[in-house]
Structure formats: structure tokens, C-alpha cells
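Enquirer: data_26.cif is the file, holding mmCIF, C-alpha atoms:
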data_upload
#
loop_
_atom_site.group_PDB
_atom_site.id
_atom_site.type_symbol
_atom_site.label_atom_id
_atom_site.label_comp_id
_atom_site.auth_asym_id
_atom_site.auth_seq_id
_atom_site.Cartn_x
_atom_site.Cartn_y
_atom_site.Cartn_z
ATOM 1 C CA MET P 1 -110.500 229.473 -92.596
ATOM 2 C CA LYS P 2 -109.005 232.447 -90.719
ATOM 3 C CA ARG P 3 -106.274 230.201 -89.312
ATOM 4 C CA ILE P 4 -105.350 229.041 -92.807
ATOM 5 C CA ILE P 5 -105.258 232.615 -94.100
ATOM 6 C CA THR P 6 -103.171 233.829 -91.165
ATOM 7 C CA ALA P 7 -100.620 231.027 -91.526
ATOM 8 C CA ASN P 8 -100.341 231.350 -95.271
ATOM 9 C CA SER P 9 -100.200 235.139 -95.124
ATOM 10 C CA GLY P 10 -97.096 234.799 -92.988
ATOM 11 C CA LEU P 11 -95.531 232.700 -95.728
ATOM 12 C CA LEU P 12 -96.701 234.895 -98.591
ATOM 13 C CA PHE P 13 -93.756 237.254 -98.262
ATOM 14 C CA ILE P 14 -91.315 234.314 -98.394
ATOM 15 C CA PHE P 15 -93.018 233.012 -101.538
ATOM 16 C CA LEU P 16 -92.791 236.419 -103.205
ATOM 17 C CA LEU P 17 -89.150 236.811 -102.205
ATOM 18 C CA SER P 18 -88.295 233.343 -103.516
ATOM 19 C CA LEU P 19 -90.130 234.090 -106.755
ATOM 20 C CA PHE P 20 -88.281 237.392 -107.112
ATOM 21 C CA VAL P 21 -84.873 235.765 -106.609
ATOM 22 C CA PHE P 22 -85.786 232.971 -109.029
ATOM 23 C CA SER P 23 -86.862 235.525 -111.644
ATOM 24 C CA LEU P 24 -83.617 237.454 -111.252
ATOM 25 C CA GLN P 25 -81.631 234.258 -111.864
ATOM 26 C CA ILE P 26 -83.554 233.486 -115.021
ATOM 27 C CA CYS P 27 -83.407 237.032 -116.355
ATOM 28 C CA SER P 28 -79.657 237.199 -115.793
ATOM 29 C CA ALA P 29 -79.092 233.940 -117.703
ATOM 30 C CA ASP P 30 -78.445 233.901 -121.434
ATOM 31 C CA ASP P 31 -80.792 232.548 -124.078
ATOM 32 C CA ASP P 32 -79.294 229.058 -123.837
ATOM 33 C CA ILE P 33 -81.131 227.947 -120.686
ATOM 34 C CA HIS P 34 -83.888 226.226 -122.652
ATOM 35 C CA LYS P 35 -81.577 224.221 -124.917
ATOM 36 C CA ASP P 36 -81.795 220.433 -125.133
ATOM 37 C CA ASN P 37 -78.494 218.574 -124.669
ATOM 38 C CA ILE P 38 -77.466 215.280 -126.277
ATOM 39 C CA VAL P 39 -74.158 213.494 -125.755
ATOM 40 C CA VAL P 40 -73.542 210.641 -128.198
ATOM 41 C CA ILE P 41 -71.094 208.022 -126.883
ATOM 42 C CA LEU P 42 -69.731 206.130 -129.870
ATOM 43 C CA ASP P 43 -67.982 202.784 -129.554
ATOM 44 C CA ALA P 44 -64.806 202.846 -131.675
ATOM 45 C CA SER P 45 -63.395 199.560 -130.386
ATOM 46 C CA GLY P 46 -61.688 197.165 -132.775
ATOM 47 C CA SER P 47 -64.803 195.075 -133.409
ATOM 48 C CA MET P 48 -66.573 198.074 -134.956
ATOM 49 C CA GLN P 49 -64.456 197.585 -138.091
ATOM 50 C CA ASP P 50 -66.211 194.248 -138.700
ATOM 51 C CA LYS P 51 -69.077 194.011 -141.144
ATOM 52 C CA PHE P 52 -72.615 193.163 -140.058
ATOM 53 C CA SER P 53 -73.173 189.438 -139.720
ATOM 54 C CA GLY P 54 -76.252 189.575 -141.959
ATOM 55 C CA ASP P 55 -75.209 192.434 -144.251
ATOM 56 C CA ARG P 56 -71.668 192.495 -145.636
ATOM 57 C CA THR P 57 -71.990 195.817 -147.490
ATOM 58 C CA LYS P 58 -70.734 198.062 -144.675
ATOM 59 C CA SER P 59 -68.716 197.820 -141.502
ATOM 60 C CA LYS P 60 -70.471 198.641 -138.259
ATOM 61 C CA MET P 61 -68.420 201.828 -137.927
ATOM 62 C CA GLU P 62 -69.267 202.963 -141.461
ATOM 63 C CA ALA P 63 -72.945 202.377 -140.759
ATOM 64 C CA ALA P 64 -72.766 204.184 -137.405
ATOM 65 C CA LYS P 65 -71.099 207.208 -139.003
ATOM 66 C CA ALA P 66 -73.672 207.305 -141.788
ATOM 67 C CA ALA P 67 -76.569 207.040 -139.343
ATOM 68 C CA LEU P 68 -75.245 209.757 -137.025
ATOM 69 C CA GLN P 69 -74.464 212.051 -139.940
ATOM 70 C CA GLU P 70 -77.940 211.633 -141.436
ATOM 71 C CA VAL P 71 -79.883 212.031 -138.201
ATOM 72 C CA LEU P 72 -77.823 214.602 -136.277
ATOM 73 C CA SER P 73 -77.751 216.937 -139.261
ATOM 74 C CA LYS P 74 -81.567 217.099 -139.002
ATOM 75 C CA VAL P 75 -81.702 217.741 -135.249
ATOM 76 C CA PRO P 76 -83.029 221.259 -134.459
ATOM 77 C CA ASP P 77 -80.288 223.859 -134.785
ATOM 78 C CA ASP P 78 -80.812 225.131 -131.229
ATOM 79 C CA THR P 79 -79.859 221.723 -129.762
ATOM 80 C CA HIS P 80 -76.541 221.275 -127.963
ATOM 81 C CA ILE P 81 -74.710 218.185 -129.218
ATOM 82 C CA GLY P 82 -71.571 216.412 -128.051
ATOM 83 C CA LEU P 83 -69.784 213.420 -129.581
ATOM 84 C CA LEU P 84 -67.654 211.359 -127.218
ATOM 85 C CA VAL P 85 -65.608 208.450 -128.605
ATOM 86 C CA PHE P 86 -63.974 205.667 -126.608
ATOM 87 C CA SER P 87 -61.022 203.621 -127.846
ATOM 88 C CA GLY P 88 -60.276 204.121 -131.521
ATOM 89 C CA ALA P 89 -57.069 204.842 -133.423
ATOM 90 C CA ASN P 90 -55.641 208.311 -134.008
ATOM 91 C CA ILE P 91 -58.068 210.002 -131.618
ATOM 92 C CA ARG P 92 -56.183 212.853 -129.973
ATOM 93 C CA ASN P 93 -59.218 214.004 -128.030
ATOM 94 C CA GLU P 94 -62.035 211.724 -126.875
ATOM 95 C CA TRP P 95 -64.419 214.671 -127.342
ATOM 96 C CA VAL P 96 -64.297 214.787 -131.132
ATOM 97 C CA TYR P 97 -67.153 217.304 -130.923
ATOM 98 C CA PRO P 98 -67.393 218.971 -127.466
ATOM 99 C CA LEU P 99 -70.902 219.502 -126.125
ATOM 100 C CA GLY P 100 -72.119 222.810 -127.477
ATOM 101 C CA PRO P 101 -74.186 224.529 -130.202
ATOM 102 C CA LYS P 102 -74.781 222.508 -133.330
ATOM 103 C CA ASP P 103 -72.522 223.422 -136.239
ATOM 104 C CA THR P 104 -73.542 220.968 -138.947
ATOM 105 C CA GLU P 105 -70.378 221.259 -141.026
ATOM 106 C CA LYS P 106 -68.026 220.784 -138.070
ATOM 107 C CA LEU P 107 -70.225 218.043 -136.613
ATOM 108 C CA ILE P 108 -70.175 215.975 -139.814
ATOM 109 C CA ALA P 109 -66.396 216.351 -140.031
ATOM 110 C CA ALA P 110 -66.072 215.168 -136.416
ATOM 111 C CA ILE P 111 -68.287 212.132 -137.060
ATOM 112 C CA HIS P 112 -65.848 210.910 -139.706
ATOM 113 C CA LEU P 113 -62.782 211.064 -137.425
ATOM 114 C CA PRO P 114 -63.009 207.852 -135.319
ATOM 115 C CA GLN P 115 -61.179 204.760 -136.587
ATOM 116 C CA PRO P 116 -61.824 201.420 -134.821
ATOM 117 C CA SER P 117 -59.176 200.081 -132.473
ATOM 118 C CA GLY P 118 -58.835 198.869 -128.881
ATOM 119 C CA ASN P 119 -61.293 197.618 -126.279
ATOM 120 C CA THR P 120 -64.642 198.788 -124.866
ATOM 121 C CA PRO P 121 -64.286 200.949 -121.697
ATOM 122 C CA LEU P 122 -67.933 202.015 -121.704
ATOM 123 C CA GLY P 123 -68.213 202.578 -117.945
ATOM 124 C CA LYS P 124 -65.463 205.194 -117.926
ATOM 125 C CA TYR P 125 -67.063 207.136 -120.745
ATOM 126 C CA ILE P 126 -70.679 207.157 -119.596
ATOM 127 C CA ARG P 127 -69.356 208.860 -116.463
ATOM 128 C CA ILE P 128 -67.464 211.448 -118.534
ATOM 129 C CA GLY P 129 -70.532 212.145 -120.677
ATOM 130 C CA ALA P 130 -72.914 212.323 -117.709
ATOM 131 C CA ASN P 131 -70.680 214.725 -115.776
ATOM 132 C CA ARG P 132 -70.520 217.045 -118.769
ATOM 133 C CA LEU P 133 -74.319 217.040 -118.959
ATOM 134 C CA LEU P 134 -74.582 217.749 -115.215
ATOM 135 C CA GLU P 135 -72.204 220.678 -115.629
ATOM 136 C CA GLN P 136 -74.342 222.029 -118.459
ATOM 137 C CA ARG P 137 -77.565 221.519 -116.509
ATOM 138 C CA GLU P 138 -76.129 223.623 -113.687
ATOM 139 C CA LYS P 139 -75.505 226.436 -116.180
ATOM 140 C CA GLN P 140 -79.042 226.151 -117.529
ATOM 141 C CA TYR P 141 -80.736 226.276 -114.100
ATOM 142 C CA ASN P 142 -82.108 222.741 -114.687
ATOM 143 C CA TYR P 143 -84.004 223.797 -117.809
ATOM 144 C CA GLY P 144 -83.941 221.635 -120.927
ATOM 145 C CA ASN P 145 -83.542 217.907 -121.504
ATOM 146 C CA TYR P 146 -80.364 215.885 -120.931
ATOM 147 C CA ARG P 147 -79.586 212.523 -122.458
ATOM 148 C CA LEU P 148 -76.837 210.064 -123.288
ATOM 149 C CA LEU P 149 -77.077 208.059 -126.506
ATOM 150 C CA VAL P 150 -74.761 205.023 -126.439
ATOM 151 C CA VAL P 151 -73.956 203.267 -129.728
ATOM 152 C CA THR P 152 -71.971 200.070 -129.076
ATOM 153 C CA ASP P 153 -71.455 196.585 -130.518
ATOM 154 C CA GLY P 154 -70.222 194.668 -127.474
ATOM 155 C CA GLU P 155 -70.182 194.281 -123.744
ATOM 156 C CA ALA P 156 -68.025 196.688 -121.759
ATOM 157 C CA SER P 157 -64.487 195.744 -120.816
ATOM 158 C CA ASP P 158 -65.136 197.572 -117.524
ATOM 159 C CA ALA P 159 -68.512 196.053 -116.670
ATOM 160 C CA ASP P 160 -68.036 196.785 -112.960
ATOM 161 C CA LYS P 161 -67.887 200.516 -113.709
ATOM 162 C CA VAL P 162 -70.960 200.299 -115.936
ATOM 163 C CA LYS P 163 -72.913 198.676 -113.096
ATOM 164 C CA HIS P 164 -71.635 201.266 -110.625
ATOM 165 C CA TYR P 165 -72.155 204.441 -112.673
ATOM 166 C CA THR P 166 -75.442 203.663 -114.447
ATOM 167 C CA PRO P 167 -77.726 203.894 -111.360
ATOM 168 C CA GLU P 168 -75.997 207.129 -110.324
ATOM 169 C CA ILE P 169 -76.595 208.649 -113.754
ATOM 170 C CA LEU P 170 -80.247 207.588 -113.809
ATOM 171 C CA ASN P 171 -80.819 208.869 -110.281
ATOM 172 C CA ARG P 172 -79.521 212.248 -111.404
ATOM 173 C CA GLN P 173 -82.356 212.236 -113.930
ATOM 174 C CA ILE P 174 -80.251 211.955 -117.064
ATOM 175 C CA ARG P 175 -81.846 209.812 -119.732
ATOM 176 C CA ILE P 176 -79.822 206.929 -121.186
ATOM 177 C CA ASP P 177 -80.648 205.362 -124.563
ATOM 178 C CA VAL P 178 -78.597 202.420 -125.854
ATOM 179 C CA ILE P 179 -78.325 200.937 -129.346
ATOM 180 C CA GLY P 180 -76.824 197.449 -129.568
ATOM 181 C CA VAL P 181 -75.169 197.131 -132.978
ATOM 182 C CA ASP P 182 -75.307 193.589 -134.404
ATOM 183 C CA MET P 183 -75.054 191.938 -130.985
ATOM 184 C CA GLN P 184 -75.866 188.241 -130.594
ATOM 185 C CA THR P 185 -77.518 188.880 -127.224
ATOM 186 C CA ASP P 186 -78.952 191.990 -125.618
ATOM 187 C CA HIS P 187 -76.502 194.375 -123.992
ATOM 188 C CA MET P 188 -76.101 194.266 -120.197
ATOM 189 C CA LEU P 189 -77.852 197.650 -120.027
ATOM 190 C CA ALA P 190 -80.887 196.541 -122.043
ATOM 191 C CA LYS P 191 -83.222 196.173 -119.039
ATOM 192 C CA VAL P 192 -81.769 199.015 -116.984
ATOM 193 C CA VAL P 193 -81.720 202.105 -119.185
ATOM 194 C CA ASP P 194 -84.601 204.238 -120.461
ATOM 195 C CA SER P 195 -84.619 202.608 -123.895
ATOM 196 C CA TYR P 196 -82.752 199.863 -125.713
ATOM 197 C CA ARG P 197 -82.857 199.107 -129.431
ATOM 198 C CA LYS P 198 -81.158 196.441 -131.530
ATOM 199 C CA ALA P 199 -79.663 197.316 -134.907
ATOM 200 C CA ASP P 200 -78.673 194.243 -136.917
ATOM 201 C CA ASN P 201 -78.089 196.046 -140.214
ATOM 202 C CA PRO P 202 -77.357 199.597 -141.452
ATOM 203 C CA GLY P 203 -81.026 200.400 -142.063
ATOM 204 C CA GLU P 204 -82.044 199.417 -138.542
ATOM 205 C CA LEU P 205 -79.211 201.533 -137.156
ATOM 206 C CA VAL P 206 -80.475 204.643 -138.950
ATOM 207 C CA ALA P 207 -84.012 203.900 -137.764
ATOM 208 C CA ALA P 208 -82.895 203.405 -134.149
ATOM 209 C CA VAL P 209 -80.961 206.680 -134.008
ATOM 210 C CA SER P 210 -83.863 208.500 -135.684
ATOM 211 C CA GLU P 211 -86.444 207.143 -133.241
ATOM 212 C CA ILE P 212 -84.391 208.125 -130.209
ATOM 213 C CA LEU P 213 -83.510 211.635 -131.318
ATOM 214 C CA ALA P 214 -87.022 212.301 -132.579
ATOM 215 C CA GLU P 215 -88.077 212.395 -128.909
ATOM 216 C CA THR P 216 -85.834 215.396 -128.152
ATOM 217 C CA GLY P 217 -87.698 218.330 -126.699
ATOM 218 C CA ASN P 218 -91.026 216.542 -126.236
ATOM 219 C CA THR P 219 -90.883 215.852 -122.508
ATOM 220 C CA GLY P 220 -92.145 219.152 -121.172
ATOM 221 C CA THR P 221 -95.355 219.485 -119.190
ATOM 222 C CA ASP P 222 -97.953 222.213 -119.602
ATOM 223 C CA ILE P 223 -100.656 223.051 -117.070
ATOM 224 C CA GLY P 224 -103.772 224.890 -118.151
ATOM 225 C CA GLY P 225 -104.626 227.817 -115.908
ATOM 226 C CA GLU P 226 -108.384 227.130 -115.825
ATOM 227 C CA ASP P 227 -108.001 223.430 -115.098
ATOM 228 C CA ALA P 228 -105.381 223.984 -112.431
ATOM 229 C CA PHE P 229 -107.813 225.636 -109.997
ATOM 230 C CA GLU P 230 -110.052 222.577 -110.102
ATOM 231 C CA TYR P 231 -107.258 220.515 -108.549
ATOM 232 C CA ILE P 232 -105.693 223.029 -106.146
ATOM 233 C CA ALA P 233 -107.364 223.279 -102.727
ATOM 234 C CA PRO P 234 -106.540 225.933 -100.084
ATOM 235 C CA LEU P 235 -103.098 225.060 -98.765
ATOM 236 C CA SER P 236 -102.198 224.417 -95.153
ATOM 237 C CA SER P 237 -99.108 226.075 -93.687
ATOM 238 C CA GLU P 238 -97.335 222.683 -93.742
ATOM 239 C CA ILE P 239 -97.867 222.244 -97.493
ATOM 240 C CA ALA P 240 -96.868 225.833 -98.183
ATOM 241 C CA ALA P 241 -93.663 225.392 -96.161
ATOM 242 C CA ASP P 242 -92.906 222.199 -98.071
ATOM 243 C CA LEU P 243 -93.314 224.024 -101.385
ATOM 244 C CA ILE P 244 -90.925 226.725 -100.224
ATOM 245 C CA GLU P 245 -88.341 224.107 -99.291
ATOM 246 C CA ARG P 246 -88.678 222.388 -102.668
ATOM 247 C CA LEU P 247 -88.440 225.696 -104.502
ATOM 248 C CA THR P 248 -85.292 226.807 -102.715
ATOM 249 C CA THR P 249 -83.535 223.400 -102.925
ATOM 250 C CA PRO P 250 -81.988 222.936 -106.406
ATOM 251 C CA ALA P 251 -81.857 219.552 -108.126
ATOM 252 C CA SER P 252 -78.607 217.710 -107.579
ATOM 253 C CA ASN P 253 -76.042 218.326 -110.298
ATOM 254 C CA THR P 254 -73.204 216.883 -108.242
ATOM 255 C CA ALA P 255 -70.541 215.276 -110.413
ATOM 256 C CA ILE P 256 -70.239 211.483 -110.326
ATOM 257 C CA ALA P 257 -67.043 210.480 -108.552
ATOM 258 C CA VAL P 258 -64.539 208.029 -109.991
ATOM 259 C CA LYS P 259 -65.161 204.481 -108.808
ATOM 260 C CA GLN P 260 -62.355 203.497 -106.461
ATOM 261 C CA ALA P 261 -60.595 200.184 -107.017
ATOM 262 C CA GLU P 262 -61.998 197.536 -104.708
ATOM 263 C CA ALA P 263 -59.701 195.716 -102.309
ATOM 264 C CA THR P 264 -59.074 192.041 -103.002
ATOM 265 C CA PRO P 265 -61.661 190.115 -100.950
ATOM 266 C CA THR P 266 -60.420 187.566 -98.424
ATOM 267 C CA ARG P 267 -63.316 185.291 -99.170
ATOM 268 C CA LYS P 268 -66.030 184.979 -101.745
ATOM 269 C CA THR P 269 -69.261 186.755 -100.983
ATOM 270 C CA PRO P 270 -72.552 186.259 -102.795
ATOM 271 C CA PRO P 271 -73.294 189.012 -105.319
ATOM 272 C CA THR P 272 -75.886 191.553 -104.335
ATOM 273 C CA LYS P 273 -78.488 192.826 -106.693
ATOM 274 C CA ALA P 274 -78.109 196.519 -107.467
ATOM 275 C CA PRO P 275 -81.141 198.535 -106.411
ATOM 276 C CA THR P 276 -83.412 199.661 -109.194
ATOM 277 C CA PRO P 277 -82.837 203.396 -109.632
ATOM 278 C CA GLN P 278 -85.764 205.637 -108.856
ATOM 279 C CA ARG P 279 -86.545 207.887 -111.772
ATOM 280 C CA GLN P 280 -88.491 211.060 -112.029
ATOM 281 C CA ASP P 281 -89.601 212.791 -115.161
ATOM 282 C CA THR P 282 -87.533 215.949 -115.501
ATOM 283 C CA GLY P 283 -88.724 217.915 -118.488
ATOM 284 C CA ASN P 284 -88.540 221.607 -117.707
ATOM 285 C CA GLN P 285 -88.558 221.524 -113.892
ATOM 286 C CA GLY P 286 -88.060 225.254 -113.604
ATOM 287 C CA THR P 287 -91.120 226.005 -115.737
ATOM 288 C CA LEU P 288 -93.260 223.569 -113.760
ATOM 289 C CA TRP P 289 -92.296 225.101 -110.420
ATOM 290 C CA PHE P 290 -92.875 228.573 -111.798
ATOM 291 C CA VAL P 291 -96.445 227.591 -112.727
ATOM 292 C CA VAL P 292 -96.998 225.940 -109.317
ATOM 293 C CA ILE P 293 -95.810 229.088 -107.528
ATOM 294 C CA LEU P 294 -98.157 231.297 -109.548
ATOM 295 C CA ILE P 295 -101.061 228.993 -108.742
ATOM 296 C CA VAL P 296 -100.207 229.000 -105.030
ATOM 297 C CA LEU P 297 -99.943 232.798 -104.950
ATOM 298 C CA SER P 298 -103.250 233.138 -106.792
ATOM 299 C CA VAL P 299 -105.033 230.844 -104.311
ATOM 300 C CA ILE P 300 -103.558 232.647 -101.301
ATOM 301 C CA GLY P 301 -104.410 236.067 -102.751
ATOM 302 C CA PHE P 302 -107.971 234.935 -103.475
ATOM 303 C CA LEU P 303 -108.454 233.671 -99.906
ATOM 304 C CA ILE P 304 -107.085 236.881 -98.400
ATOM 305 C CA PHE P 305 -109.290 239.021 -100.644
ATOM 306 C CA ARG P 306 -112.403 236.982 -99.856
ATOM 307 C CA ASN P 307 -111.741 237.158 -96.111
ATOM 308 C CA ARG P 308 -111.411 240.948 -96.203
ATOM 309 C CA LYS P 309 -114.730 241.198 -97.987
#
Do you think you could lay out the structure here as C-alpha cells?
Expert:
Amino acid sequence: MKRIITANSGLLFIFLLSLFVFSLQICSADDDIHKDNIVVILDASGSMQDKFSGDRTKSKMEAAKAALQEVLSKVPDDTHIGLLVFSGANIRNEWVYPLGPKDTEKLIAAIHLPQPSGNTPLGKYIRIGANRLLEQREKQYNYGNYRLLVVTDGEASDADKVKHYTPEILNRQIRIDVIGVDMQTDHMLAKVVDSYRKADNPGELVAAVSEILAETGNTGTDIGGEDAFEYIAPLSSEIAADLIERLTTPASNTAIAVKQAEATPTRKTPPTKAPTPQRQDTGNQGTLWFVVILIVLSVIGFLIFRNRK
């Protein structure tokens, strides 16, 4: 027991210093560090002007606009929202509503801007949306939740980029939800992303958007102080050092690089299966580590106090 106390006492100062620096970072940040962030990627390709195959009352674009207007207007006011549109006619800026604080009036006006035209470069735009979320997560010290909501009615015209970027986005712990609008078969992302929903009529589209956005802000983890001590044993110096390393190493918010064009192969090679991305629940990582640090310090302090007695 004395060896454990001696080793951990030597690390106690480092823990306290790390905690102090971490607290200074949080205190110096503004009130936006706990905000949830949603980027909606809306397909405005030419096929979105078609009506639903089983419901001829509205076009797919009209239904998508109505669904986003109805649901996003009810999202909590402290949520950051961005609306990114690919293809489309008369779109001067692909960010029709840049990621930022929710302004319901401006958001509804932005939702009505896209007009269907062109193809479906989904891969390019999931990268743009993900990089904006990574940039925001860096500003928020990894607090909050970060997600992409893709609303599309067809397979991507740049499927190679979709296959390349999607695992990178998931491995950076950004959630991806996809809604397939009146598609005859499931989208290529159906079995890869965090959730996939089909919407074969306007009502199902509203329901799908509602179900996805209803989950915003509910992924945090709380640890009860009394229960925590039942699961925390006295730490060895190795475990304590590992905790210090994890605390002082921030989560990766590195931007996703543009996929380089592949050289023309000299011979055909069999396709390789992309590795399944490893996911981790993010929630509020900063809060979780803060609680872990307090528990560690409490255990160490208790052991030191008991030894002196």
C-alpha cells in the first residue's frame, strides 16, 4: 500500500496541474461550448423536383422543405444549425444557412431557397459538412454533440468519395443520419451510418426528420458520486500515468483531406472491402473526464490521509 501511495503521490501534482489548466481553458471559453451542432445536407439534384411515386400531391423537394421547416423550427433555440445544399439552381452559396445559432426566421427563409437541378455529389458535401463540424468542435473543447443529417433521393454521382470520406467522418466520432427519400432500394450508406430511414411519402419524411432530431442532446453520460466509489479501486502508477496521457491528449479534430484522383490502373485488381469504422460514444467527453479526474483525486487523497493516520 505504501508503494502505491508513494507512486501516486508523485503523480498527484501533475493531476492537479492538468486539472488547473483544463479549468482555465473552460473558464476562458464562452457560453457556447455546450451547444449541440447539426448540419443538414440537403439533396437539391434534379430528381428532387419529381413527385413521390406513391403520392402525387407534392414534389420531393417541397416535402423536404416542409419537413425541415416544421422540425427545425422546434429544435431547442440553443442548438447550432447549418444547412448545406448540393447541386440546385440559383444557389450562390452552398451554405444557405451557415452553421451557427438558430434564428428561426432566417432559417425558414433559407430552407425555401434551394431549387432542384443538377447531379448528386454527396461525397464532396459530406466532407464539407464534417470539416465544419470538426472546426466547431475544436472551438467548443470537444463539448456538445455533432451530427450530419443527409436528406437525399438517389445514389451519389461521386460514390468513390462517399466510400472514402464516410469511414473518416465516423472515425472522428461525428454521427451520420441518412434519410432515403422515395428510393426504390436502400441507399449505399444504409448499413454503414449510425441510422438510416426510408421516407416514401411526405408524412414519412416529416416523421423521419422528427425522430432523428428528437435525439439531439440526449447522449450525455452522468456518473453518480456515491456509486462511482464502488467501482474505482486504488490506482497503480501505470493506470494513473495512462489517465494523465488521455487527459492531456485532445480528441482528433483534424480536417478531412480532399481525396486525390486515383491513377489509371494498368490492370484490374479485385475490390477490397473497406474496414468497418470503429466508433466510440462521444457525448460530453470533457464532462466525463472531469468527473473521472475528481474521482481519481478523491481516491488518492483518501489513501494518503489514511496512511498518515
Enquirer: Here's the selection I'm unsure about, the PyMOL selection byres ((chain P and resi 98-108) around 7); applied to the file above, which residues does it give, as a PyMOL selection string?
Expert: chain P and resi 39+69+73+77-83+95-97+109-112
Enquirer: Quick one: write out the picked residues with C-alpha atoms as a PDB file, in the frame of the given file?
Expert:
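The resulting selection.pdb:
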ATOM      1  CA  VAL P  39     -74.158 213.494-125.755  1.00  0.00           C
ATOM      2  CA  GLN P  69     -74.464 212.051-139.940  1.00  0.00           C
ATOM      3  CA  SER P  73     -77.751 216.937-139.261  1.00  0.00           C
ATOM      4  CA  ASP P  77     -80.288 223.859-134.785  1.00  0.00           C
ATOM      5  CA  ASP P  78     -80.812 225.131-131.229  1.00  0.00           C
ATOM      6  CA  THR P  79     -79.859 221.723-129.762  1.00  0.00           C
ATOM      7  CA  HIS P  80     -76.541 221.275-127.963  1.00  0.00           C
ATOM      8  CA  ILE P  81     -74.710 218.185-129.218  1.00  0.00           C
ATOM      9  CA  GLY P  82     -71.571 216.412-128.051  1.00  0.00           C
ATOM     10  CA  LEU P  83     -69.784 213.420-129.581  1.00  0.00           C
ATOM     11  CA  TRP P  95     -64.419 214.671-127.342  1.00  0.00           C
ATOM     12  CA  VAL P  96     -64.297 214.787-131.132  1.00  0.00           C
ATOM     13  CA  TYR P  97     -67.153 217.304-130.923  1.00  0.00           C
ATOM     14  CA  ALA P 109     -66.396 216.351-140.031  1.00  0.00           C
ATOM     15  CA  ALA P 110     -66.072 215.168-136.416  1.00  0.00           C
ATOM     16  CA  ILE P 111     -68.287 212.132-137.060  1.00  0.00           C
ATOM     17  CA  HIS P 112     -65.848 210.910-139.706  1.00  0.00           C
TER      18      HIS P 112
END
Enquirer: Env of Lys65 of chain P: 12 Å cut, atoms = only C-alpha atoms, seq-sep filter 2 positions within chain, self excluded. Answer as JSON, numbers by chain.
Expert: {"P": [40, 42, 43, 44, 48, 49, 58, 59, 60, 61, 62, 63, 67, 68, 69, 70, 71, 72, 73, 83, 85, 107, 108, 109, 110, 111, 112, 113, 114, 115, 116, 151, 202, 205, 206, 209]}
Enquirer: Mind pulling up the distance from atom CA of Ser252 of chain P to atom CA of Gln136 of chain P?
Expert: 12.5 Å
Enquirer: Show me as a ChimeraX atom specification the residues that reach within 9 Å of (-73.5, 194.1, -121.8), counting all atoms listed in the file and using the file's own coordinates.
Expert: /P:154-156,159,162,185-190
Enquirer: List the residues matched by the PyMOL selection byres ((chain P and resi 170-177) around 10) in the displayed structure as number ranges by chain, ordered by chain and then by residue number.
Expert: P: 38-40, 126, 130, 133-134, 137, 145-151, 165-169, 178-179, 189-190, 192-197, 209, 212-213, 251-256, 276-283
Enquirer: For Met183 of chain P, which residue among P:Lys51, P:Lys163, P:Arg56, P:Arg132 is the nearest when counting all atoms listed in the file?
Expert: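 Residue with the minimum atom-to-atom distance to Met183 of chain P: P:Lys51.
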Enquirer: Figure out the distance between atom CA of Ser157 of chain P and atom CA of Ser45 of chain P, please, to one decimal in Å.
Expert: 10.4 Å
Enquirer: Distance atom CA of Lys74 of chain P-atom CA of Ser47 of chain P, one decimal place?
Expert: 28.2 Å
